[in-house]
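Engineer: One structure coming up, written as structure tokens, with questions to follow.
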Amino acid sequence: VKKDSPRVLDGLASLRAVVEAAKPSSVCLVTSRRLAKELGWAVDEILNSGWLRAFVPDGEAAKEWAETEKLLARFVTLGLDRRSLVVALGGGTVGDAVGFAASIYLRGVRYAQVPTTLVAQADSALGGKTGVNFLGAKNQVGCTRTPIAIISDSRFLRSLAPEQIVDGLGEIIKCGFFADPKILALLEKETVASLPNSSRLAEIVERTAKVKLRLVVKDPMDLGARQLLNVGHTVGHAIEIGQGLSHGRAVLEGMAREIAAGARLGLTRPEVAARFATLLKKLRIQLDAKLDFDWSAVRRDKKVEGDEIVWPIVASVGKGRLVRIKLEKLKKNL
Ligand SMILES: NC(=O)c1ccc[n+]([C@@H]2O[C@H](COP(=O)([O-])OP(=O)(O)OC[C@H]3O[C@@H](n4cnc5c(N)ncnc54)[C@H](O)[C@@H]3O)[C@@H](O)[C@H]2O)c1
Ligand SMILES: [Zn+2]
């Protein structure tokens with residue numbers, strides 16, 4: 001295992017061994033009160049009587065700047081020291097906020113991620129990006145710090161709403177298309193409704209995590225190869241902002257349009273669009289071809305360089321590529 005590649009483990013049971021091996025002076029479990037109730041079974045399973053506890057607000061409110069201060073104050077009250085271990089149990093918001101607090105407390109204490117949403121298991125808990133929102137801007141303040149382990153458990157996903165599954169599927173389907181077609185083959189046997197209870201789910205999540213972590217290790221500063229993770233995001237972000245869709249759903253909408261544009265430009269093989277449409281139909285995810293997006297949002301994309309954009313595309317099923325293309329040319333074909 002490379003130094004910067006954390007252990008990704010499936011099954012809550014492995015948390016115990018991770019904690020034991022870390023030999024922490026104390027362990028602090030952080031989650032939201034809502035989740036502590038919703039996932040009480042998990043808390044019962046992992047909570048050792050000696051563990052300390054702290055709470056953050058549920059959802060995006062956990063990522064308010066003032067909450068970081070409160071959480072740090074709680075760490076002080078609980079007497080966490082340099083050898084303490086923080087365990088973040090929850091979705092991407094808990095992971096981002098708790099990971100950030102752990103990263104700056106005493107110049108950084110160790111933390112572990114226990115992601116409980118599909119978004120968090122397939123994306124946000126991986127890669128070591130932590131952070132909070134600031135002055136109304138998302139993820140404006142944060143840092144990169146790798147957790148000592150990421151412990152996913154498929155059982156968490158059973159209590160998610162169907163739209164939260166779709167939200168997580170955005171990045172999963174994306175990874176399948178540009179890097180690992182086996183993910184697509186596994187998904188093709190499922191629907192959004194069947195997935196949370198499927199025996200295939202753990203493998204789907206694990207394969208997606210591998211795709212992302214491979215790129216993170218290759219490109220830790222997020223300057224090159226990691227850009228491939230932005231497949232579908234060029235248009236997806238613009239749709240997300242304009243239409244207020246969930247990130248994952250917007251990525252799927254973006255992928256549909258970018259794949260079609262890539263095909264028109266001769267950059268994406270024609271069978272990609274067919275496979276994408278068939279997969280969504282099988283999963284019973286309906287996209288809305290009429291959704292509009294603002295071109296000016298695409299122009300502001302961080303991948304834009306002058307009048308060009310470094311555009312990550314699906315070249316063929318399982319293969320992604322970064323292509324440099326004139327913005328005007330892309331616009332004409334979208
Ligand atoms: N760090 C990164 O690289 C990265 C990547 C992508 C997204 N993100 C961030 O992730 C956040 C979104 O994460 P999210 O989609 O997990 O949202 P979230 O953390 O807000 O969770 C959504 C809701 O689901 C509930 N929930 C969580 N787990 C549950 C479970 N097992 N059963 C029932 N309910 C459950 C939560 O209580 C919450 O109300 C955003 O803030 C985004 O910026 C970060
Ligand atoms: Zn994304």
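Convention: chains lettered A, B, ... in structure tokens order; per-chain residue numbering from 1; ligands numbered from 1 as shown.
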Identify, counting only C-alpha atoms and all ligand atoms, the protein, DNA and RNA residues located within 6 Å of ligand 1, and give them as a PDB file with N, CA and C atoms, in the first residue's frame.
Structural biologist:
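What landed in result08.pdb:
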ATOM      1  N   ARG A  34     -29.325  13.359  14.472  1.00  0.00           N
ATOM      2  CA  ARG A  34     -30.287  12.656  13.649  1.00  0.00           C
ATOM      3  C   ARG A  34     -29.740  11.287  13.242  1.00  0.00           C
ATOM      4  N   LEU A  35     -28.481  11.281  12.841  1.00  0.00           N
ATOM      5  CA  LEU A  35     -27.882  10.019  12.408  1.00  0.00           C
ATOM      6  C   LEU A  35     -27.651   9.069  13.564  1.00  0.00           C
ATOM      7  N   ASP A  58     -27.045  18.300  11.494  1.00  0.00           N
ATOM      8  CA  ASP A  58     -27.271  17.393  10.372  1.00  0.00           C
ATOM      9  C   ASP A  58     -27.173  18.143   9.036  1.00  0.00           C
ATOM     10  N   GLY A  59     -26.695  17.450   8.026  1.00  0.00           N
ATOM     11  CA  GLY A  59     -26.673  17.996   6.664  1.00  0.00           C
ATOM     12  C   GLY A  59     -25.671  19.129   6.488  1.00  0.00           C
ATOM     13  N   GLU A  60     -25.906  19.945   5.485  1.00  0.00           N
ATOM     14  CA  GLU A  60     -24.954  20.999   5.096  1.00  0.00           C
ATOM     15  C   GLU A  60     -24.642  21.976   6.242  1.00  0.00           C
ATOM     16  N   GLY A  90     -21.042   9.447   9.077  1.00  0.00           N
ATOM     17  CA  GLY A  90     -22.111  10.185   8.420  1.00  0.00           C
ATOM     18  C   GLY A  90     -21.871  10.365   6.932  1.00  0.00           C
ATOM     19  N   GLY A  91     -22.664  11.233   6.331  1.00  0.00           N
ATOM     20  CA  GLY A  91     -22.541  11.507   4.901  1.00  0.00           C
ATOM     21  C   GLY A  91     -21.384  12.448   4.614  1.00  0.00           C
ATOM     22  N   GLY A  92     -21.375  12.984   3.420  1.00  0.00           N
ATOM     23  CA  GLY A  92     -20.282  13.851   2.995  1.00  0.00           C
ATOM     24  C   GLY A  92     -20.133  15.100   3.839  1.00  0.00           C
ATOM     25  N   THR A  93     -21.230  15.600   4.365  1.00  0.00           N
ATOM     26  CA  THR A  93     -21.144  16.829   5.160  1.00  0.00           C
ATOM     27  C   THR A  93     -20.406  16.559   6.472  1.00  0.00           C
ATOM     28  N   VAL A  94     -20.751  15.458   7.123  1.00  0.00           N
ATOM     29  CA  VAL A  94     -20.066  15.103   8.374  1.00  0.00           C
ATOM     30  C   VAL A  94     -18.592  14.832   8.075  1.00  0.00           C
ATOM     31  N   ASP A  96     -16.677  15.901   5.592  1.00  0.00           N
ATOM     32  CA  ASP A  96     -15.935  17.123   5.240  1.00  0.00           C
ATOM     33  C   ASP A  96     -15.656  17.986   6.472  1.00  0.00           C
ATOM     34  N   THR A 116     -21.670   7.056   5.375  1.00  0.00           N
ATOM     35  CA  THR A 116     -22.973   6.379   5.482  1.00  0.00           C
ATOM     36  C   THR A 116     -23.919   6.659   4.322  1.00  0.00           C
ATOM     37  N   THR A 117     -23.548   7.545   3.399  1.00  0.00           N
ATOM     38  CA  THR A 117     -24.382   7.733   2.206  1.00  0.00           C
ATOM     39  C   THR A 117     -23.625   7.142   1.010  1.00  0.00           C
ATOM     40  N   VAL A 119     -23.108   8.711  -1.738  1.00  0.00           N
ATOM     41  CA  VAL A 119     -22.223   9.801  -2.177  1.00  0.00           C
ATOM     42  C   VAL A 119     -20.910   9.738  -1.403  1.00  0.00           C
ATOM     43  N   ALA A 120     -21.012   9.566  -0.110  1.00  0.00           N
ATOM     44  CA  ALA A 120     -19.814   9.572   0.729  1.00  0.00           C
ATOM     45  C   ALA A 120     -18.965   8.320   0.492  1.00  0.00           C
ATOM     46  N   ASP A 123     -17.505   8.577  -3.136  1.00  0.00           N
ATOM     47  CA  ASP A 123     -16.797   9.787  -3.551  1.00  0.00           C
ATOM     48  C   ASP A 123     -16.197  10.604  -2.407  1.00  0.00           C
ATOM     49  N   SER A 124     -17.055  11.191  -1.572  1.00  0.00           N
ATOM     50  CA  SER A 124     -16.534  12.260  -0.724  1.00  0.00           C
ATOM     51  C   SER A 124     -15.578  11.784   0.379  1.00  0.00           C
ATOM     52  N   LYS A 129      -9.938  15.234   0.723  1.00  0.00           N
ATOM     53  CA  LYS A 129     -10.331  16.653   0.706  1.00  0.00           C
ATOM     54  C   LYS A 129     -11.315  16.901   1.845  1.00  0.00           C
ATOM     55  N   THR A 130     -10.989  17.864   2.701  1.00  0.00           N
ATOM     56  CA  THR A 130     -11.878  18.220   3.799  1.00  0.00           C
ATOM     57  C   THR A 130     -12.209  19.697   3.667  1.00  0.00           C
ATOM     58  N   PHE A 156     -25.563   0.553   5.731  1.00  0.00           N
ATOM     59  CA  PHE A 156     -25.965   1.953   5.926  1.00  0.00           C
ATOM     60  C   PHE A 156     -26.928   2.416   4.837  1.00  0.00           C
ATOM     61  N   LEU A 157     -26.702   1.886   3.624  1.00  0.00           N
ATOM     62  CA  LEU A 157     -27.388   2.443   2.457  1.00  0.00           C
ATOM     63  C   LEU A 157     -28.858   2.049   2.392  1.00  0.00           C
ATOM     64  N   SER A 159     -31.176   2.651   4.489  1.00  0.00           N
ATOM     65  CA  SER A 159     -32.117   3.656   5.001  1.00  0.00           C
ATOM     66  C   SER A 159     -32.083   4.956   4.195  1.00  0.00           C
ATOM     67  N   LEU A 160     -31.427   4.931   3.046  1.00  0.00           N
ATOM     68  CA  LEU A 160     -31.387   6.137   2.214  1.00  0.00           C
ATOM     69  C   LEU A 160     -32.636   6.230   1.334  1.00  0.00           C
TER      70      LEU A 160
END
Engineer: I'd like the contact shell of Gly50 in chain A - 9 Å cut-off, only C-alpha atoms, skipping same-chain residues fewer than 2 positions apart - returned as a PDB file with all heavy atoms, in the first residue's frame.
Structural biologist:
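That gives us part-v4.pdb:
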ATOM      1  N   SER A  26      -7.243   8.392  22.978  1.00  0.00           N
ATOM      2  CA  SER A  26      -8.694   8.425  23.146  1.00  0.00           C
ATOM      3  C   SER A  26      -9.328   8.420  21.760  1.00  0.00           C
ATOM      4  O   SER A  26      -8.680   8.756  20.764  1.00  0.00           O
ATOM      5  CB  SER A  26      -9.128   9.672  23.927  1.00  0.00           C
ATOM      6  OG  SER A  26      -8.752  10.841  23.233  1.00  0.00           O
ATOM      7  N   VAL A  27     -10.596   8.003  21.711  1.00  0.00           N
ATOM      8  CA  VAL A  27     -11.322   7.962  20.441  1.00  0.00           C
ATOM      9  C   VAL A  27     -12.566   8.815  20.586  1.00  0.00           C
ATOM     10  O   VAL A  27     -13.291   8.696  21.582  1.00  0.00           O
ATOM     11  CB  VAL A  27     -11.741   6.518  20.081  1.00  0.00           C
ATOM     12  CG1 VAL A  27     -12.455   6.490  18.739  1.00  0.00           C
ATOM     13  CG2 VAL A  27     -10.543   5.590  20.078  1.00  0.00           C
ATOM     14  N   LEU A  47     -19.626   1.386  19.102  1.00  0.00           N
ATOM     15  CA  LEU A  47     -19.261   2.233  20.228  1.00  0.00           C
ATOM     16  C   LEU A  47     -18.726   1.413  21.390  1.00  0.00           C
ATOM     17  O   LEU A  47     -19.372   0.515  21.900  1.00  0.00           O
ATOM     18  CB  LEU A  47     -20.464   3.061  20.687  1.00  0.00           C
ATOM     19  CG  LEU A  47     -20.095   4.324  21.446  1.00  0.00           C
ATOM     20  CD1 LEU A  47     -19.382   5.311  20.542  1.00  0.00           C
ATOM     21  CD2 LEU A  47     -21.335   4.975  22.028  1.00  0.00           C
ATOM     22  N   ASN A  48     -17.536   1.758  21.735  1.00  0.00           N
ATOM     23  CA  ASN A  48     -16.890   1.124  22.859  1.00  0.00           C
ATOM     24  C   ASN A  48     -17.207   2.024  24.050  1.00  0.00           C
ATOM     25  O   ASN A  48     -17.242   3.238  23.886  1.00  0.00           O
ATOM     26  CB  ASN A  48     -15.397   1.123  22.529  1.00  0.00           C
ATOM     27  CG  ASN A  48     -14.626   0.238  23.433  1.00  0.00           C
ATOM     28  OD1 ASN A  48     -14.608   0.505  24.632  1.00  0.00           O
ATOM     29  ND2 ASN A  48     -14.007  -0.775  22.876  1.00  0.00           N
ATOM     30  N   LEU A  52     -15.365   8.713  23.400  1.00  0.00           N
ATOM     31  CA  LEU A  52     -15.976  10.024  23.615  1.00  0.00           C
ATOM     32  C   LEU A  52     -16.913  10.313  22.450  1.00  0.00           C
ATOM     33  O   LEU A  52     -16.822   9.683  21.401  1.00  0.00           O
ATOM     34  CB  LEU A  52     -14.880  11.092  23.684  1.00  0.00           C
ATOM     35  CG  LEU A  52     -13.782  10.795  24.710  1.00  0.00           C
ATOM     36  CD1 LEU A  52     -12.572  11.689  24.463  1.00  0.00           C
ATOM     37  CD2 LEU A  52     -14.323  10.978  26.120  1.00  0.00           C
TER      38      LEU A  52
END
Engineer: Going by DSSP on the backbone, which residues of range 135-189 of chain A come out as strand (DSSP E)? List them as JSON, numbers by chain.
Structural biologist: {"A": [137, 138, 139, 140, 141, 142, 143, 144, 149, 150, 151, 152]}
Engineer: What's the 12 Å shell around Lys329 in chain A, counting only C-alpha atoms, without same-chain residues fewer than 6 positions away, as a list in words?
Structural biologist: Ala261, Gly262, Arg264, Leu265, Asp307, Glu308, Ile309 and Trp311 of chain A
Engineer: If you take only C-alpha atoms and all ligand atoms and a cut-off of 10 Å, which residues of chain A touch ligand 2, and what are their nearest atom pairs and distances in Å to one decimal, in chain and number order, as CSV?
Structural biologist:
residue,atom,partner,partner_atom_place_in_ligand_line,distance
A:Val119,CA,ligand 2,1 (Zn),9.1
A:Asp123,CA,ligand 2,1 (Zn),7.6
A:Ser124,CA,ligand 2,1 (Zn),8.7
A:Asp167,CA,ligand 2,1 (Zn),9.8
A:Gly168,CA,ligand 2,1 (Zn),9.4
A:Gly170,CA,ligand 2,1 (Zn),7.6
A:Glu171,CA,ligand 2,1 (Zn),6.1
A:Ile172,CA,ligand 2,1 (Zn),9.8
A:Lys174,CA,ligand 2,1 (Zn),9.1
A:Leu229,CA,ligand 2,1 (Zn),7.4
A:Asn230,CA,ligand 2,1 (Zn),6.7
A:Val231,CA,ligand 2,1 (Zn),8.7
A:Gly232,CA,ligand 2,1 (Zn),8.5
A:His233,CA,ligand 2,1 (Zn),6.6
A:Gly236,CA,ligand 2,1 (Zn),8.6
A:His237,CA,ligand 2,1 (Zn),8.5
A:His247,CA,ligand 2,1 (Zn),6.5
A:Gly248,CA,ligand 2,1 (Zn),6.7
A:Arg249,CA,ligand 2,1 (Zn),9.9
A:Ala250,CA,ligand 2,1 (Zn),9.0
A:Val251,CA,ligand 2,1 (Zn),6.8
Engineer: Among range 137-334 of chain A, which ones does DSSP place in helix (DSSP H, G or I), written as number ranges by chain?
Structural biologist: A: 154-159, 162-178, 181-187, 195-197, 201-218, 225-230, 233-243, 247-264, 270-283, 295-299, 327-333
Engineer: Mind dumping a table of every range 136-255 of chain A residue within 12 Å of range 317-325 of chain A, with the nearest atom pair and its distance in Å to one decimal, using only C-alpha atoms, sorted by chain and rising number, as CSV?
Structural biologist:
residue,atom,partner,partner_atom,distance
A:Ile173,CA,A:Gly318,CA,10.7
A:Lys174,CA,A:Gly318,CA,9.7
A:Cys175,CA,A:Gly318,CA,8.3
A:Gly176,CA,A:Gly318,CA,6.4
A:Phe177,CA,A:Gly318,CA,4.9
A:Phe178,CA,A:Gly320,CA,4.3
A:Ala179,CA,A:Gly318,CA,4.4
A:Asp180,CA,A:Gly318,CA,5.2
A:Pro181,CA,A:Gly318,CA,5.1
A:Lys182,CA,A:Gly318,CA,8.7
A:Ile183,CA,A:Gly318,CA,9.6
A:Leu184,CA,A:Gly318,CA,9.2
A:Ala185,CA,A:Gly318,CA,11.3
A:Val211,CA,A:Gly318,CA,11.0
A:Gly224,CA,A:Leu322,CA,9.0
A:Ala225,CA,A:Leu322,CA,8.2
A:Arg226,CA,A:Leu322,CA,10.1
A:Gln227,CA,A:Leu322,CA,7.7
A:Leu228,CA,A:Leu322,CA,6.7
A:Leu229,CA,A:Gly320,CA,9.3
A:Asn230,CA,A:Leu322,CA,9.8
A:Val231,CA,A:Gly320,CA,8.1
A:Gly232,CA,A:Gly320,CA,11.3
Engineer: Using only C-alpha atoms, can you tell me which of A:Ala161, A:Val141, A:Leu195, A:Ile150 comes closest to Val8 in chain A?
Structural biologist: A:Ile150
Engineer: Mind checking which residues fall within 7 Å of range 269-276 of chain A, counting only C-alpha atoms, ignoring those fewer than 3 positions away in the same chain, and posting them as a short mmCIF file (atom, residue, chain, number, x, y, z; two decimals) with N, CA and C atoms, in the first residue's frame?
Structural biologist:
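Saved file part.cif follows:
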data_model
loop_
_atom_site.label_atom_id
_atom_site.label_comp_id
_atom_site.auth_asym_id
_atom_site.auth_seq_id
_atom_site.Cartn_x
_atom_site.Cartn_y
_atom_site.Cartn_z
N ILE A 259 -21.60 13.16 -23.63
CA ILE A 259 -21.39 11.97 -24.46
C ILE A 259 -21.92 12.23 -25.87
N ALA A 260 -23.09 12.86 -25.95
CA ALA A 260 -23.67 13.17 -27.27
C ALA A 260 -22.77 14.15 -28.03
N ALA A 263 -19.69 12.38 -29.27
CA ALA A 263 -19.98 11.56 -30.45
C ALA A 263 -20.04 12.43 -31.70
N LEU A 279 -28.37 1.65 -19.70
CA LEU A 279 -28.10 1.49 -18.26
C LEU A 279 -29.11 2.31 -17.43
N LEU A 280 -29.31 3.56 -17.82
CA LEU A 280 -30.23 4.40 -17.04
C LEU A 280 -31.64 3.84 -17.09
N ALA A 315 -13.95 8.19 -24.05
CA ALA A 315 -13.58 7.94 -25.45
C ALA A 315 -14.29 6.68 -25.95
N SER A 316 -14.23 5.64 -25.12
CA SER A 316 -14.97 4.42 -25.41
C SER A 316 -15.36 3.85 -24.05
N VAL A 317 -16.20 2.82 -24.05
CA VAL A 317 -16.65 2.30 -22.76
C VAL A 317 -15.44 1.80 -21.95
#
Engineer: List the neighbours of range 287-290 of chain A out to 10 Å using only C-alpha atoms; skip same-chain residues closer than 3 positions along the sequence, and give me the result as a tab-separated table (two decimals) with N, CA, C and O atoms, in the first residue's frame.
Structural biologist:
chain	number	residue	atom	x	y	z
A	249	ARG	N	-27.24	13.67	-9.71
A	249	ARG	CA	-28.22	13.70	-10.80
A	249	ARG	C	-27.75	14.66	-11.89
A	249	ARG	O	-27.87	14.37	-13.09
A	250	ALA	N	-27.19	15.80	-11.48
A	250	ALA	CA	-26.70	16.77	-12.45
A	250	ALA	C	-25.54	16.18	-13.26
A	250	ALA	O	-25.41	16.44	-14.46
A	252	LEU	N	-25.20	13.07	-14.09
A	252	LEU	CA	-25.81	12.18	-15.08
A	252	LEU	C	-26.38	12.99	-16.25
A	252	LEU	O	-26.21	12.62	-17.41
A	253	GLU	N	-27.06	14.08	-15.93
A	253	GLU	CA	-27.58	14.95	-16.99
A	253	GLU	C	-26.42	15.49	-17.83
A	253	GLU	O	-26.49	15.56	-19.05
A	256	ALA	N	-24.94	12.76	-20.15
A	256	ALA	CA	-25.77	12.51	-21.34
A	256	ALA	C	-25.43	13.51	-22.44
A	256	ALA	O	-25.23	13.15	-23.61
A	257	ARG	N	-25.32	14.78	-22.06
A	257	ARG	CA	-25.04	15.82	-23.06
A	257	ARG	C	-23.60	15.78	-23.54
A	257	ARG	O	-23.33	16.00	-24.73
A	277	ALA	N	-27.68	5.11	-22.22
A	277	ALA	CA	-29.14	5.17	-22.22
A	277	ALA	C	-29.74	3.87	-21.70
A	277	ALA	O	-30.69	3.87	-20.90
A	280	LEU	N	-29.31	3.56	-17.82
A	280	LEU	CA	-30.23	4.40	-17.04
A	280	LEU	C	-31.64	3.84	-17.09
A	280	LEU	O	-32.38	3.87	-16.10
A	281	LYS	N	-32.00	3.29	-18.24
A	281	LYS	CA	-33.34	2.71	-18.38
A	281	LYS	C	-33.49	1.51	-17.45
A	281	LYS	O	-34.49	1.36	-16.76
A	284	ARG	N	-33.87	2.48	-14.02
A	284	ARG	CA	-35.09	3.30	-13.92
A	284	ARG	C	-34.78	4.71	-13.41
A	284	ARG	O	-35.45	5.22	-12.50
A	293	PHE	N	-29.17	24.80	-19.47
A	293	PHE	CA	-28.07	25.25	-18.61
A	293	PHE	C	-27.46	26.50	-19.20
A	293	PHE	O	-27.61	26.78	-20.39
Engineer: State, in Å with one decimal place, the distance from CA of Leu245 in chain A to CA of Pro162 in chain A.
Structural biologist: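 Spanning CA of Leu245 in chain A to CA of Pro162 in chain A is a straight-line distance of 14.3 Å.
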Engineer: Which distance in Å separates CA of Asn333 in chain A and CA of Ala238 in chain A, to one decimal?
Structural biologist: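 Between CA of Asn333 in chain A and CA of Ala238 in chain A the gap works out to 15.9 Å.
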Engineer: May I ask for the distance between CA of Gln286 in chain A and CA of Leu169 in chain A, given in Å to one decimal place?
Structural biologist: 12.8 Å
